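Below: data34.csv (CSV, C-alpha atoms)
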chain,number,residue,atom,x,y,z
X,1,MET,CA,105.3,113.0,125.7
X,2,ARG,CA,103.1,113.5,122.6
X,3,ARG,CA,102.9,117.3,123.1
X,4,GLN,CA,106.7,117.4,123.2
X,5,VAL,CA,107.1,115.7,119.9
X,6,GLN,CA,103.9,116.3,117.9
X,7,GLU,CA,105.6,119.1,115.9
X,8,ASP,CA,108.1,116.5,114.7
X,9,PHE,CA,105.6,114.3,113.0
X,10,PRO,CA,103.9,115.7,109.9
X,11,PHE,CA,101.2,113.0,109.9
X,12,LEU,CA,99.7,114.5,113.0
X,13,ARG,CA,99.0,117.6,111.1
X,14,GLU,CA,98.4,116.3,107.6
X,15,ALA,CA,96.2,113.2,108.1
X,16,ALA,CA,92.8,113.5,106.5
X,17,GLY,CA,90.6,113.8,109.5
X,18,PRO,CA,91.3,112.8,113.1
X,19,LEU,CA,93.7,109.8,113.3
X,20,ARG,CA,94.7,107.8,116.3
X,21,TYR,CA,97.5,105.7,114.9
X,22,LEU,CA,97.9,102.5,117.0
X,23,ASP,CA,99.6,100.2,114.5
X,24,ASN,CA,103.2,101.0,115.5
X,25,ALA,CA,104.3,97.4,115.8
X,26,ALA,CA,103.7,97.1,112.1
X,27,THR,CA,105.4,100.4,111.2
X,28,THR,CA,106.0,103.8,112.8
X,29,GLN,CA,105.4,107.2,111.5
X,30,LYS,CA,108.5,109.3,110.5
X,31,PRO,CA,109.7,112.5,112.2
X,32,LEU,CA,110.8,115.5,110.2
X,33,GLN,CA,114.4,114.9,111.2
X,34,VAL,CA,114.4,111.6,109.4
X,35,ILE,CA,112.4,112.8,106.4
X,36,GLU,CA,114.8,115.7,106.0
X,37,ALA,CA,117.9,113.6,106.3
X,38,PHE,CA,116.5,111.2,103.7
X,39,SER,CA,115.6,114.0,101.4
X,40,ARG,CA,118.9,115.8,101.8
X,41,CYS,CA,120.7,112.7,100.7
X,42,TYR,CA,118.9,112.8,97.4
X,43,ARG,CA,119.2,116.6,97.0
X,44,ALA,CA,122.8,117.0,97.8
X,45,ALA,CA,124.7,113.7,97.9
X,46,CYS,CA,123.1,111.4,95.2
X,47,ALA,CA,125.9,109.4,93.6
X,48,PRO,CA,127.1,105.8,93.4
X,49,VAL,CA,128.4,104.6,96.8
X,50,HIS,CA,131.8,102.9,96.6
X,51,ARG,CA,131.9,103.3,92.9
X,52,GLY,CA,133.1,106.8,92.0
X,53,LEU,CA,136.3,108.8,92.4
X,54,TYR,CA,134.8,112.2,92.0
X,55,PRO,CA,133.9,114.4,95.0
X,56,LEU,CA,130.1,113.8,94.9
X,57,ALA,CA,130.6,110.0,94.9
X,58,ALA,CA,133.1,110.4,97.7
X,59,ARG,CA,130.6,112.3,99.8
X,60,ALA,CA,127.9,109.7,99.1
X,61,THR,CA,130.3,107.0,100.2
X,62,ALA,CA,131.3,108.9,103.3
X,63,ASP,CA,127.7,109.5,104.3
X,64,TYR,CA,126.8,105.8,103.9
X,65,GLU,CA,129.8,104.6,106.0
X,66,ALA,CA,129.1,107.3,108.6
X,67,ALA,CA,125.6,105.9,108.9
X,68,ARG,CA,127.1,102.4,109.5
X,69,ARG,CA,129.3,103.8,112.2
X,70,ARG,CA,126.4,105.6,113.8
X,71,LEU,CA,124.3,102.5,113.9
X,72,ALA,CA,127.1,100.4,115.3
X,73,GLN,CA,127.3,102.9,118.1
X,74,PHE,CA,123.6,102.8,118.6
X,75,ILE,CA,123.6,99.1,119.3
X,76,GLY,CA,127.0,99.0,121.1
X,77,ALA,CA,128.8,97.0,118.3
X,78,PRO,CA,132.6,97.2,118.9
X,79,ARG,CA,133.3,97.4,115.1
X,80,ALA,CA,131.4,99.1,112.3
X,81,GLU,CA,132.4,96.2,110.1
X,82,GLU,CA,130.0,94.0,112.2
X,83,VAL,CA,127.0,96.0,110.9
X,84,ILE,CA,125.6,94.8,107.5
X,85,PHE,CA,122.9,96.8,105.8
X,86,THR,CA,120.0,94.7,104.5
X,87,ARG,CA,116.5,95.3,103.2
X,88,SER,CA,114.7,94.5,106.4
X,89,ALA,CA,114.9,92.4,109.6
X,90,THR,CA,113.4,89.5,107.5
X,91,ASP,CA,116.3,89.9,105.0
X,92,SER,CA,118.8,89.9,107.9
X,93,ILE,CA,117.5,86.7,109.4
X,94,ASN,CA,117.5,85.0,106.0
X,95,LEU,CA,121.1,86.2,105.5
X,96,VAL,CA,122.1,84.3,108.6
X,97,ALA,CA,120.1,81.2,107.6
X,98,CYS,CA,121.7,81.1,104.1
X,99,ALA,CA,125.2,82.5,104.7
X,100,TRP,CA,125.9,81.0,108.1
X,101,ALA,CA,123.5,78.2,109.1
X,102,ARG,CA,123.6,76.5,105.7
X,103,ARG,CA,127.3,76.0,106.2
X,104,GLN,CA,127.2,75.0,109.9
X,105,LEU,CA,124.2,72.7,110.2
X,106,ARG,CA,124.6,69.0,109.9
X,107,PRO,CA,121.9,66.2,109.9
X,108,GLY,CA,120.6,65.8,113.5
X,109,ASP,CA,121.7,69.3,114.6
X,110,ARG,CA,119.0,71.4,116.3
X,111,VAL,CA,117.8,75.0,115.9
X,112,TRP,CA,115.4,76.3,118.6
X,113,VAL,CA,112.8,79.1,118.3
X,114,THR,CA,110.0,80.1,120.7
X,115,ARG,CA,106.3,79.7,120.1
X,116,LEU,CA,106.1,83.5,120.0
X,117,GLU,CA,108.2,84.1,116.9
X,118,HIS,CA,107.2,86.1,114.0
X,119,HIS,CA,107.2,84.1,110.7
X,120,SER,CA,110.4,86.0,109.8
X,121,ASN,CA,112.2,84.3,112.6
X,122,PHE,CA,110.5,80.9,112.1
X,123,LEU,CA,110.2,80.2,108.3
X,124,PRO,CA,114.0,80.7,107.5
X,125,TRP,CA,114.9,78.1,110.1
X,126,GLN,CA,112.2,75.7,109.1
X,127,LYS,CA,113.4,75.9,105.5
X,128,ILE,CA,117.2,75.6,106.3
X,129,CYS,CA,116.6,72.8,108.7
X,130,ARG,CA,114.6,70.8,106.2
X,131,GLU,CA,117.3,71.5,103.6
X,132,ARG,CA,120.2,70.4,105.9
X,133,GLY,CA,118.5,67.5,107.7
X,134,ALA,CA,118.5,69.4,111.0
X,135,GLU,CA,115.6,69.6,113.5
X,136,LEU,CA,113.6,72.7,114.3
X,137,ARG,CA,112.6,72.6,117.9
X,138,ILE,CA,110.1,74.9,119.6
X,139,ILE,CA,110.3,76.4,123.1
X,140,GLU,CA,106.7,76.2,124.4
X,141,LEU,CA,104.9,78.8,126.5
X,142,GLY,CA,104.1,78.6,130.2
X,143,ARG,CA,100.7,79.5,131.7
X,144,ASP,CA,101.5,83.2,131.7
X,145,GLY,CA,102.3,83.2,127.9
X,146,ARG,CA,106.0,83.4,128.4
X,147,PRO,CA,108.4,80.9,126.8
X,148,ASP,CA,109.3,78.2,129.4
X,149,PHE,CA,113.0,78.0,128.8
X,150,ASP,CA,113.5,75.6,131.8
X,151,ALA,CA,111.0,73.2,130.3
X,152,ALA,CA,113.0,72.9,127.1
X,153,SER,CA,115.4,70.4,128.7
X,154,GLU,CA,117.6,69.9,125.6
X,155,LEU,CA,117.8,73.6,124.7
X,156,TYR,CA,121.5,73.9,125.6
X,157,GLY,CA,122.3,70.3,124.6
X,158,ALA,CA,125.2,69.1,122.5
X,159,ARG,CA,123.1,69.0,119.3
X,160,THR,CA,121.9,72.6,119.5
X,161,ARG,CA,123.7,74.9,117.0
X,162,LEU,CA,121.5,78.0,117.2
X,163,ILE,CA,118.8,79.6,119.4
X,164,ALA,CA,116.7,82.3,117.5
X,165,ILE,CA,114.7,84.4,119.8
X,166,SER,CA,112.7,87.7,119.7
X,167,GLN,CA,113.6,90.4,122.2
X,168,VAL,CA,110.0,91.5,122.3
X,169,SER,CA,106.9,89.6,121.1
X,170,ASN,CA,105.0,91.4,118.3
X,171,VAL,CA,101.7,89.9,119.6
X,172,LEU,CA,101.9,89.6,123.4
X,173,GLY,CA,104.4,92.4,124.1
X,174,ILE,CA,106.5,90.0,126.2
X,175,VAL,CA,110.1,91.0,126.8
X,176,ASN,CA,112.2,87.8,126.6
X,177,PRO,CA,115.3,87.2,128.9
X,178,VAL,CA,117.6,87.3,126.0
X,179,GLN,CA,120.7,88.1,128.0
X,180,GLN,CA,120.2,85.1,130.2
X,181,VAL,CA,119.6,82.8,127.3
X,182,ALA,CA,122.6,84.1,125.4
X,183,GLY,CA,124.9,83.8,128.5
X,184,ARG,CA,124.0,80.1,129.0
X,185,ALA,CA,124.3,79.4,125.2
X,186,ARG,CA,127.7,81.1,125.1
X,187,ALA,CA,129.1,78.8,127.7
X,188,ARG,CA,128.2,75.9,125.5
X,189,GLY,CA,129.4,77.3,122.2
X,190,ILE,CA,125.8,77.8,120.9
X,191,ALA,CA,125.1,80.7,118.6
X,192,VAL,CA,122.2,83.1,119.5
X,193,LEU,CA,120.3,85.3,117.0
X,194,VAL,CA,118.1,88.1,118.5
X,195,ASP,CA,115.2,89.5,116.5
X,196,ALA,CA,115.1,93.0,117.8
X,197,ALA,CA,112.5,94.4,115.4
X,198,GLN,CA,110.0,95.2,118.1
X,199,ALA,CA,112.7,96.3,120.6
X,200,ALA,CA,114.8,98.8,118.7
X,201,ALA,CA,112.5,101.8,119.1
X,202,HIS,CA,111.7,101.4,122.8
X,203,GLU,CA,114.3,99.1,124.4
X,204,ARG,CA,118.0,99.9,124.8
X,205,ILE,CA,120.0,97.5,122.6
X,206,ASP,CA,123.6,96.7,123.6
X,207,VAL,CA,124.9,93.7,121.7
X,208,GLY,CA,127.9,93.5,124.1
X,209,ALA,CA,125.6,93.2,127.1
X,210,LEU,CA,123.3,90.8,125.3
X,211,ASP,CA,126.3,88.7,124.3
X,212,CYS,CA,124.5,87.6,121.2
X,213,ASP,CA,126.1,86.4,117.9
X,214,PHE,CA,123.5,87.9,115.6
X,215,LEU,CA,120.9,90.7,116.0
X,216,ALA,CA,118.4,92.0,113.4
X,217,PHE,CA,116.0,94.8,113.1
X,218,SER,CA,114.4,97.2,110.6
X,219,ALA,CA,114.5,101.0,110.4
X,220,HIS,CA,110.8,101.4,109.7
X,221,LYS,CA,109.7,100.2,113.1
X,222,MET,CA,112.0,102.7,114.8
X,223,TYR,CA,110.8,105.9,113.1
X,224,GLY,CA,113.2,105.4,110.1
X,225,PRO,CA,112.7,104.7,106.4
X,226,SER,CA,111.1,101.6,104.9
X,227,GLY,CA,113.1,99.2,102.9
X,228,ILE,CA,116.3,99.1,105.0
X,229,GLY,CA,117.3,96.9,107.9
X,230,LEU,CA,120.4,95.9,109.8
X,231,LEU,CA,122.2,92.7,110.7
X,232,TYR,CA,124.8,92.7,113.5
X,233,ALA,CA,127.1,89.7,113.2
X,234,ALA,CA,129.9,89.3,115.7
X,235,ALA,CA,133.3,89.1,114.1
X,236,PRO,CA,133.9,85.3,114.7
X,237,ARG,CA,130.5,84.5,113.1
X,238,LEU,CA,131.2,86.8,110.2
X,239,ALA,CA,134.3,84.8,109.5
X,240,GLU,CA,132.1,81.7,109.2
X,241,MET,CA,129.7,83.2,106.7
X,242,GLU,CA,129.8,83.1,102.9
X,243,PRO,CA,127.7,85.4,100.6
X,244,PHE,CA,124.5,84.0,99.3
X,245,ILE,CA,123.6,87.0,97.1
X,246,VAL,CA,126.4,87.9,94.7
X,247,GLY,CA,127.0,90.6,92.2
X,248,GLY,CA,128.5,94.1,92.0
X,249,GLY,CA,130.2,95.7,94.9
X,250,MET,CA,131.0,92.6,96.9
X,251,VAL,CA,133.5,91.0,94.6
X,252,ASP,CA,137.3,91.3,94.7
X,253,GLU,CA,138.3,89.5,91.5
X,254,VAL,CA,136.2,87.6,89.0
X,255,GLY,CA,137.6,84.7,87.1
X,256,GLU,CA,136.0,82.4,84.6
X,257,SER,CA,135.7,79.5,87.0
X,258,GLU,CA,136.3,81.1,90.5
X,259,SER,CA,135.9,84.5,92.1
X,260,THR,CA,137.0,86.1,95.4
X,261,TRP,CA,135.1,88.4,97.7
X,262,VAL,CA,136.0,91.7,99.4
X,263,PRO,CA,136.0,91.7,103.2
X,264,ALA,CA,132.9,92.1,105.3
X,265,PRO,CA,130.6,93.9,105.5
X,266,ALA,CA,130.7,94.8,101.8
X,267,ARG,CA,130.8,91.1,100.8
X,268,PHE,CA,127.3,90.8,102.1
X,269,GLU,CA,125.9,94.0,100.4
X,270,ALA,CA,125.8,93.1,96.7
X,271,GLY,CA,124.4,95.6,94.4
X,272,SER,CA,123.9,99.4,94.7
X,273,PRO,CA,123.3,100.2,98.4
X,274,ASP,CA,120.4,102.2,99.7
X,275,ALA,CA,122.4,105.3,100.7
X,276,ALA,CA,119.4,107.5,101.5
X,277,GLY,CA,117.9,104.7,103.6
X,278,ALA,CA,121.1,104.3,105.6
X,279,VAL,CA,121.3,108.0,106.2
X,280,GLY,CA,117.6,108.1,107.3
X,281,PHE,CA,118.3,105.0,109.5
X,282,ALA,CA,121.1,106.8,111.3
X,283,ALA,CA,118.9,109.9,111.7
X,284,ALA,CA,116.3,107.7,113.4
X,285,ALA,CA,118.9,106.6,115.8
X,286,ASP,CA,119.8,110.2,116.5
X,287,TYR,CA,116.2,111.0,117.1
X,288,LEU,CA,115.7,108.1,119.6
X,289,ASP,CA,118.9,109.0,121.5
X,290,ALA,CA,117.9,112.7,121.7
X,291,ILE,CA,114.6,111.8,123.3
X,292,GLY,CA,116.0,108.8,125.3
X,293,VAL,CA,115.2,105.2,124.5
X,294,GLY,CA,114.6,104.6,128.2
X,295,ALA,CA,112.0,107.4,128.5
X,296,LEU,CA,110.4,106.1,125.3
X,297,GLY,CA,110.1,102.6,126.7
X,298,ALA,CA,108.6,103.8,129.9
X,299,HIS,CA,106.1,105.9,127.9
X,300,VAL,CA,104.8,103.1,125.7
X,301,ARG,CA,104.7,100.6,128.7
X,302,ALA,CA,102.6,103.1,130.6
X,303,LEU,CA,100.2,103.4,127.7
X,304,ALA,CA,100.0,99.6,127.4
X,305,ASP,CA,99.1,99.4,131.1
X,306,ARG,CA,96.4,102.1,130.7
X,307,ALA,CA,95.0,100.3,127.6
X,308,MET,CA,94.8,97.0,129.5
X,309,ARG,CA,93.0,98.6,132.4
X,310,CYS,CA,90.5,100.4,130.0
X,311,LEU,CA,89.9,97.4,127.8
X,312,SER,CA,89.5,95.0,130.8
X,313,GLU,CA,86.5,97.1,131.9
X,314,ILE,CA,84.6,96.3,128.6
X,315,SER,CA,82.4,93.3,128.8
X,316,GLU,CA,83.4,90.4,126.4
X,317,VAL,CA,87.0,91.7,125.9
X,318,GLU,CA,89.7,89.1,126.3
X,319,ILE,CA,93.3,90.3,126.6
X,320,TYR,CA,96.3,88.0,125.7
X,321,GLY,CA,99.6,87.9,127.4
X,322,PRO,CA,100.8,89.1,130.9
X,323,SER,CA,98.1,90.7,133.0
X,324,GLN,CA,100.4,92.4,135.5
X,325,GLU,CA,101.2,96.1,134.8
X,326,GLY,CA,104.7,96.8,133.7
X,327,GLN,CA,105.2,93.3,132.3
X,328,ARG,CA,104.9,94.0,128.6
X,329,ALA,CA,106.3,96.4,126.0
X,330,GLY,CA,103.9,98.8,124.3
X,331,ILE,CA,101.7,96.2,122.6
X,332,VAL,CA,98.2,94.9,123.7
X,333,SER,CA,96.5,92.2,121.8
X,334,PHE,CA,92.8,91.4,122.5
X,335,ASN,CA,89.5,90.1,121.1
X,336,VAL,CA,85.9,90.8,121.7
X,337,LYS,CA,84.1,87.5,122.3
X,338,GLY,CA,81.7,86.8,119.5
X,339,LEU,CA,83.3,89.2,117.0
X,340,HIS,CA,85.9,88.7,114.3
X,341,PRO,CA,89.1,90.7,114.8
X,342,HIS,CA,88.7,92.2,111.3
X,343,ASP,CA,85.2,93.5,112.1
X,344,VAL,CA,86.4,95.2,115.3
X,345,ALA,CA,89.4,96.8,113.5
X,346,GLN,CA,87.1,98.0,110.7
X,347,VAL,CA,84.7,99.7,113.1
X,348,ALA,CA,87.7,101.3,114.9
X,349,GLY,CA,89.0,102.5,111.6
X,350,GLU,CA,85.8,104.2,110.8
X,351,GLU,CA,86.2,106.0,114.1
X,352,GLY,CA,89.7,107.1,113.1
X,353,VAL,CA,91.5,104.6,115.3
X,354,ALA,CA,94.1,102.6,113.3
X,355,LEU,CA,94.5,99.0,114.7
X,356,ARG,CA,95.9,95.8,113.3
X,357,ALA,CA,93.8,92.7,113.1
X,358,GLY,CA,94.8,89.2,112.0
X,359,HIS,CA,97.4,86.6,113.0
X,360,HIS,CA,100.3,89.1,112.9
X,361,CYS,CA,102.5,86.7,111.0
X,362,CYS,CA,102.4,84.4,114.1
X,363,GLN,CA,100.3,81.5,113.2
X,364,PRO,CA,102.1,79.0,115.4
X,365,LEU,CA,101.3,81.2,118.4
X,366,MET,CA,97.6,81.7,117.3
X,367,LYS,CA,97.2,77.9,117.1
X,368,HIS,CA,98.6,77.6,120.6
X,369,LEU,CA,96.1,80.2,121.8
X,370,GLY,CA,93.3,78.5,119.9
X,371,ILE,CA,92.3,81.5,117.9
X,372,SER,CA,92.6,82.7,114.3
X,373,GLY,CA,93.8,86.2,115.2
X,374,THR,CA,93.6,89.2,117.5
X,375,VAL,CA,93.1,92.9,117.4
X,376,ARG,CA,96.4,94.6,118.3
X,377,ALA,CA,97.0,98.1,119.6
X,378,SER,CA,100.7,99.2,119.7
X,379,PHE,CA,102.0,102.5,120.9
X,380,ALA,CA,104.7,105.0,120.0
X,381,VAL,CA,106.2,108.3,121.2
X,382,TYR,CA,103.4,110.4,119.6
X,383,ASN,CA,100.6,108.5,121.4
X,384,ASP,CA,99.0,109.6,124.7
X,385,GLU,CA,96.1,108.9,127.0
X,386,SER,CA,93.6,110.4,124.6
X,387,ASP,CA,94.4,107.7,122.1
X,388,ILE,CA,93.6,105.1,124.7
X,389,GLU,CA,90.3,106.7,125.4
X,390,ALA,CA,89.6,106.7,121.6
X,391,LEU,CA,90.6,103.1,121.4
X,392,CYS,CA,88.2,102.0,124.2
X,393,ALA,CA,85.4,104.1,122.8
X,394,ALA,CA,85.9,102.4,119.4
X,395,VAL,CA,85.8,98.9,120.9
X,396,ARG,CA,82.7,99.8,122.8
X,397,ARG,CA,81.1,101.0,119.6
X,398,ALA,CA,82.0,97.8,117.8
X,399,ARG,CA,80.6,95.7,120.5
X,400,ARG,CA,77.4,97.7,120.6
X,401,LEU,CA,76.9,97.7,116.8
X,402,LEU,CA,77.9,94.1,116.0
X,403,LEU,CA,76.8,92.1,119.0
X,404,SER,CA,73.3,93.6,118.9
X,405,GLU,CA,72.7,92.4,115.3
Do you think you could lay out the structure here as structure tokens?
Amino acid sequence: MRRQVQEDFPFLREAAGPLRYLDNAATTQKPLQVIEAFSRCYRAACAPVHRGLYPLAARATADYEAARRRLAQFIGAPRAEEVIFTRSATDSINLVACAWARRQLRPGDRVWVTRLEHHSNFLPWQKICRERGAELRIIELGRDGRPDFDAASELYGARTRLIAISQVSNVLGIVNPVQQVAGRARARGIAVLVDAAQAAAHERIDVGALDCDFLAFSAHKMYGPSGIGLLYAAAPRLAEMEPFIVGGGMVDEVGESESTWVPAPARFEAGSPDAAGAVGFAAAADYLDAIGVGALGAHVRALADRAMRCLSEISEVEIYGPSQEGQRAGIVSFNVKGLHPHDVAQVAGEEGVALRAGHHCCQPLMKHLGISGTVRASFAVYNDESDIEALCAAVRRARRLLLSE
């Protein structure tokens, strides 16, 4: 697949020296189609969105709202008004915590997360539960590293108000059974938030099929611009939300003692919106659909399987998460026994292989695994088998250099 798309990605041609970019779970590189859409917005349609009556402002507003409609279509949202632009997936989750959960939670209520969650889908709930006197409960992992939903006996109990769950783990690459969880929660009136940050680029998202109440992801992890994200909120949940960031653009009438807000989604988009980011976001959705998200998912899963096979042949390498092929998304986390993850990643970087090392904003998971961090390789459309060979060669070199000292 890399040969088919390599002309789309300038970084493949313009990087200083050979580069095997395997840090895609952190951020992806951008294709020309996204770069040009972003640039075109500034060249030809730079004007205040929702704030001008002249033709250029009208065009900027039309482009911004067209991007919203395109992204609603991309995730299967029935109404464009259910799509709110934010700064990131983190911002989206905090919006739900502050604009919805703060109003809904009462002392003794429960919010559930899995042990796998990124801090962005853990800390907002920890904070809001402490503030509201609610309980934050954790769905623990089974022996295979997957969340054991059946063991969480009170998960769907009367005190549960929200289940917040990642669609794909950013460390173990596990794909969670979100649709099953949401279906059982729906039957009991429990809200479900899906963190789709790791899924948006390589897993088909359909909020109707998932039957979730909220869904969040960022553009920069799906070949789009940095600094913009999206929150899907189902219409009944939108009606339960109040703005927590206020200012220009989201207000209807301001009085000295009280003010009123415009309807959603604008009431949750205070300030001047990121029009170019939204246009680039929509262009990324176009790019993914042109290639086929299903084909992309199969491609990165095949690379992850190949990486696991290759790494497992190296002495002292321990791989975390499911060991069966086809059981994870395009993410492989591992360690070399006796070596710090940072040292392995540094040696790999010197070989032109870009990896991530650390706790990956998942310290509760790392404590469960009994480690401080891992080395993580994550794959994208522009990666191929030669990148896996380079990865394994770099790990062998790190082992040879550092374990012999």
Shortest contact to X:Val111, candidates X:Arg59, X:Gly17, X:Ile190, X:Arg51, atoms counted all atoms listed in the file, goes to X:Ile190
Between stretch 179-288 of chain X and stretch 165-168 of chain X, at 7 Å or less, what are the per-residue closest atom pairs and their distances in Å? Count all atoms listed in the file, order by chain and rising residue number, and return it as CSV.
residue,atom,partner,partner_atom,distance
X:Leu193,CA,X:Ile165,CA,6.3
X:Val194,CA,X:Ile165,CA,5.2
X:Asp195,CA,X:Ser166,CA,4.4
X:Ala196,CA,X:Gln167,CA,5.3
X:Gln198,CA,X:Val168,CA,5.6
X:Ala199,CA,X:Val168,CA,5.8
With distances taken over only C-alpha atoms, the candidate from X:Glu318, X:Asp213, X:Glu140, X:Glu269 nearest X:Ala164 is X:Asp213
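As for atom CA of X:Leu162 and atom CA of X:Arg267, they are spaced 23.0 Å apart.
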What gap, in Å, lies between atom CA of X:Glu7 and atom CA of X:Ser226?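 Atom CA of X:Ser226 lies 21.4 Å from atom CA of X:Glu7.
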At a cut-off of 12 Å around the point (127.1, 102.6, 96.9) (file coordinates), what residues fall inside when counting all atoms listed in the file? I'd like the answer as an NGL selection string. :X and (45-53 or 56-65 or 85 or 248-250 or 266 or 269-278)
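If you measure from each of X:Gly229, X:Gly157, X:Pro177, X:Pro18 to X:Val83 using all atoms listed in the file, the closest one turns out to be X:Gly229.
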Selection: 9 Å around stretch 334-344 of chain X, all atoms listed in the file, excl. self and same-chain fewer than 4 positions, as a list in words: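 In the requested format, the answer is Leu311, Ile314, Ser315, Glu316, Val317, Glu318, Ile319, Tyr320, Ala348, Gly349, Leu355, Arg356, Ala357, Gly358, Ser372, Gly373, Thr374, Val375, Arg376, Ala377, Ala394, Val395, Arg397, Ala398, Arg399, Leu402 and Leu403 of chain X.
Take atom CA of X:Ala329 and atom CA of X:Gly227: the distance between them is 24.2 Å.
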I'd like the neighbourhood of X:Gly133 as a compact mmCIF listing (two decimals) with C-alpha atoms, in the coordinates of the input, where a residue qualifies if any of its atoms comes within 10 Å (using only C-alpha atoms), though same-chain residues fewer than 5 positions away should be ignored.
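Okay, this is what ended up in around_28.txt:
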# COMPACT_ATOMS: atom_id res chain seq x y z
CA LEU X 105 124.20 72.70 110.20
CA ARG X 106 124.60 69.00 109.90
CA PRO X 107 121.90 66.20 109.90
CA GLY X 108 120.60 65.80 113.50
CA ASP X 109 121.70 69.30 114.60
CA ARG X 110 119.00 71.40 116.30
CA ILE X 128 117.20 75.60 106.30
Identify, on the basis of only C-alpha atoms, every residue whose closest approach to stretch 220-222 of chain X does not exceed 7 Å; exclude the query and any residue fewer than 3 positions from it along the same chain; express the result as a PDB file with C-alpha atoms, in the frame of the given file.
ATOM      1  CA  ASN X  24     103.200 101.000 115.500  1.00  0.00           C
ATOM      2  CA  ALA X  25     104.300  97.400 115.800  1.00  0.00           C
ATOM      3  CA  ALA X  26     103.700  97.100 112.100  1.00  0.00           C
ATOM      4  CA  THR X  27     105.400 100.400 111.200  1.00  0.00           C
ATOM      5  CA  THR X  28     106.000 103.800 112.800  1.00  0.00           C
ATOM      6  CA  ALA X 197     112.500  94.400 115.400  1.00  0.00           C
ATOM      7  CA  ALA X 200     114.800  98.800 118.700  1.00  0.00           C
ATOM      8  CA  ALA X 201     112.500 101.800 119.100  1.00  0.00           C
ATOM      9  CA  PRO X 225     112.700 104.700 106.400  1.00  0.00           C
ATOM     10  CA  SER X 226     111.100 101.600 104.900  1.00  0.00           C
ATOM     11  CA  ALA X 284     116.300 107.700 113.400  1.00  0.00           C
TER      12      ALA X 284
END
Could you please give me, as a list in words, the residues of protein, DNA or RNA lying at most 8 Å from (122.2, 91.8, 108.9) in the coordinate frame of the file, considering only C-alpha atoms?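 Applying the cut-off with only C-alpha atoms, one gets Val83, Ile84, Phe85, Thr86, Ala89, Asp91, Ser92, Ile93, Leu95, Val96, Phe214, Leu215, Ala216, Gly229, Leu230, Leu231, Tyr232 and Ala233 of chain X.
Each of X:Cys41, X:Ala97, X:Ile291, X:Val178 was compared to X:Asn121 using all atoms listed in the file, and X:Ala97 turns out to be the nearest.
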Non-local contacts of stretch 302-304 of chain X (12 Å; all atoms listed in the file; under 5 positions in same chain excluded) as a ChimeraX atom specification: /X:1-2,22,172-174,295-297,309-312,319,321-334,376-389,391
Write out as a list in words each polymer residue whose atoms come within 10 Å of X:Pro263, counting all atoms listed in the file; drop sequence neighbours fewer than 6 positions from it. Glu81, Leu238, Ala239, Met250, Val251 and Asp252 of chain X
Pick out the closest residue to X:Ile35 from this set: X:Ile163, X:Ile139, X:Glu256, X:Phe281. Count only C-alpha atoms. X:Phe281
Among X:Phe268, X:Trp100, X:Tyr156, X:Tyr287, X:Arg188 is approached most closely, using only C-alpha atoms, by X:Tyr156
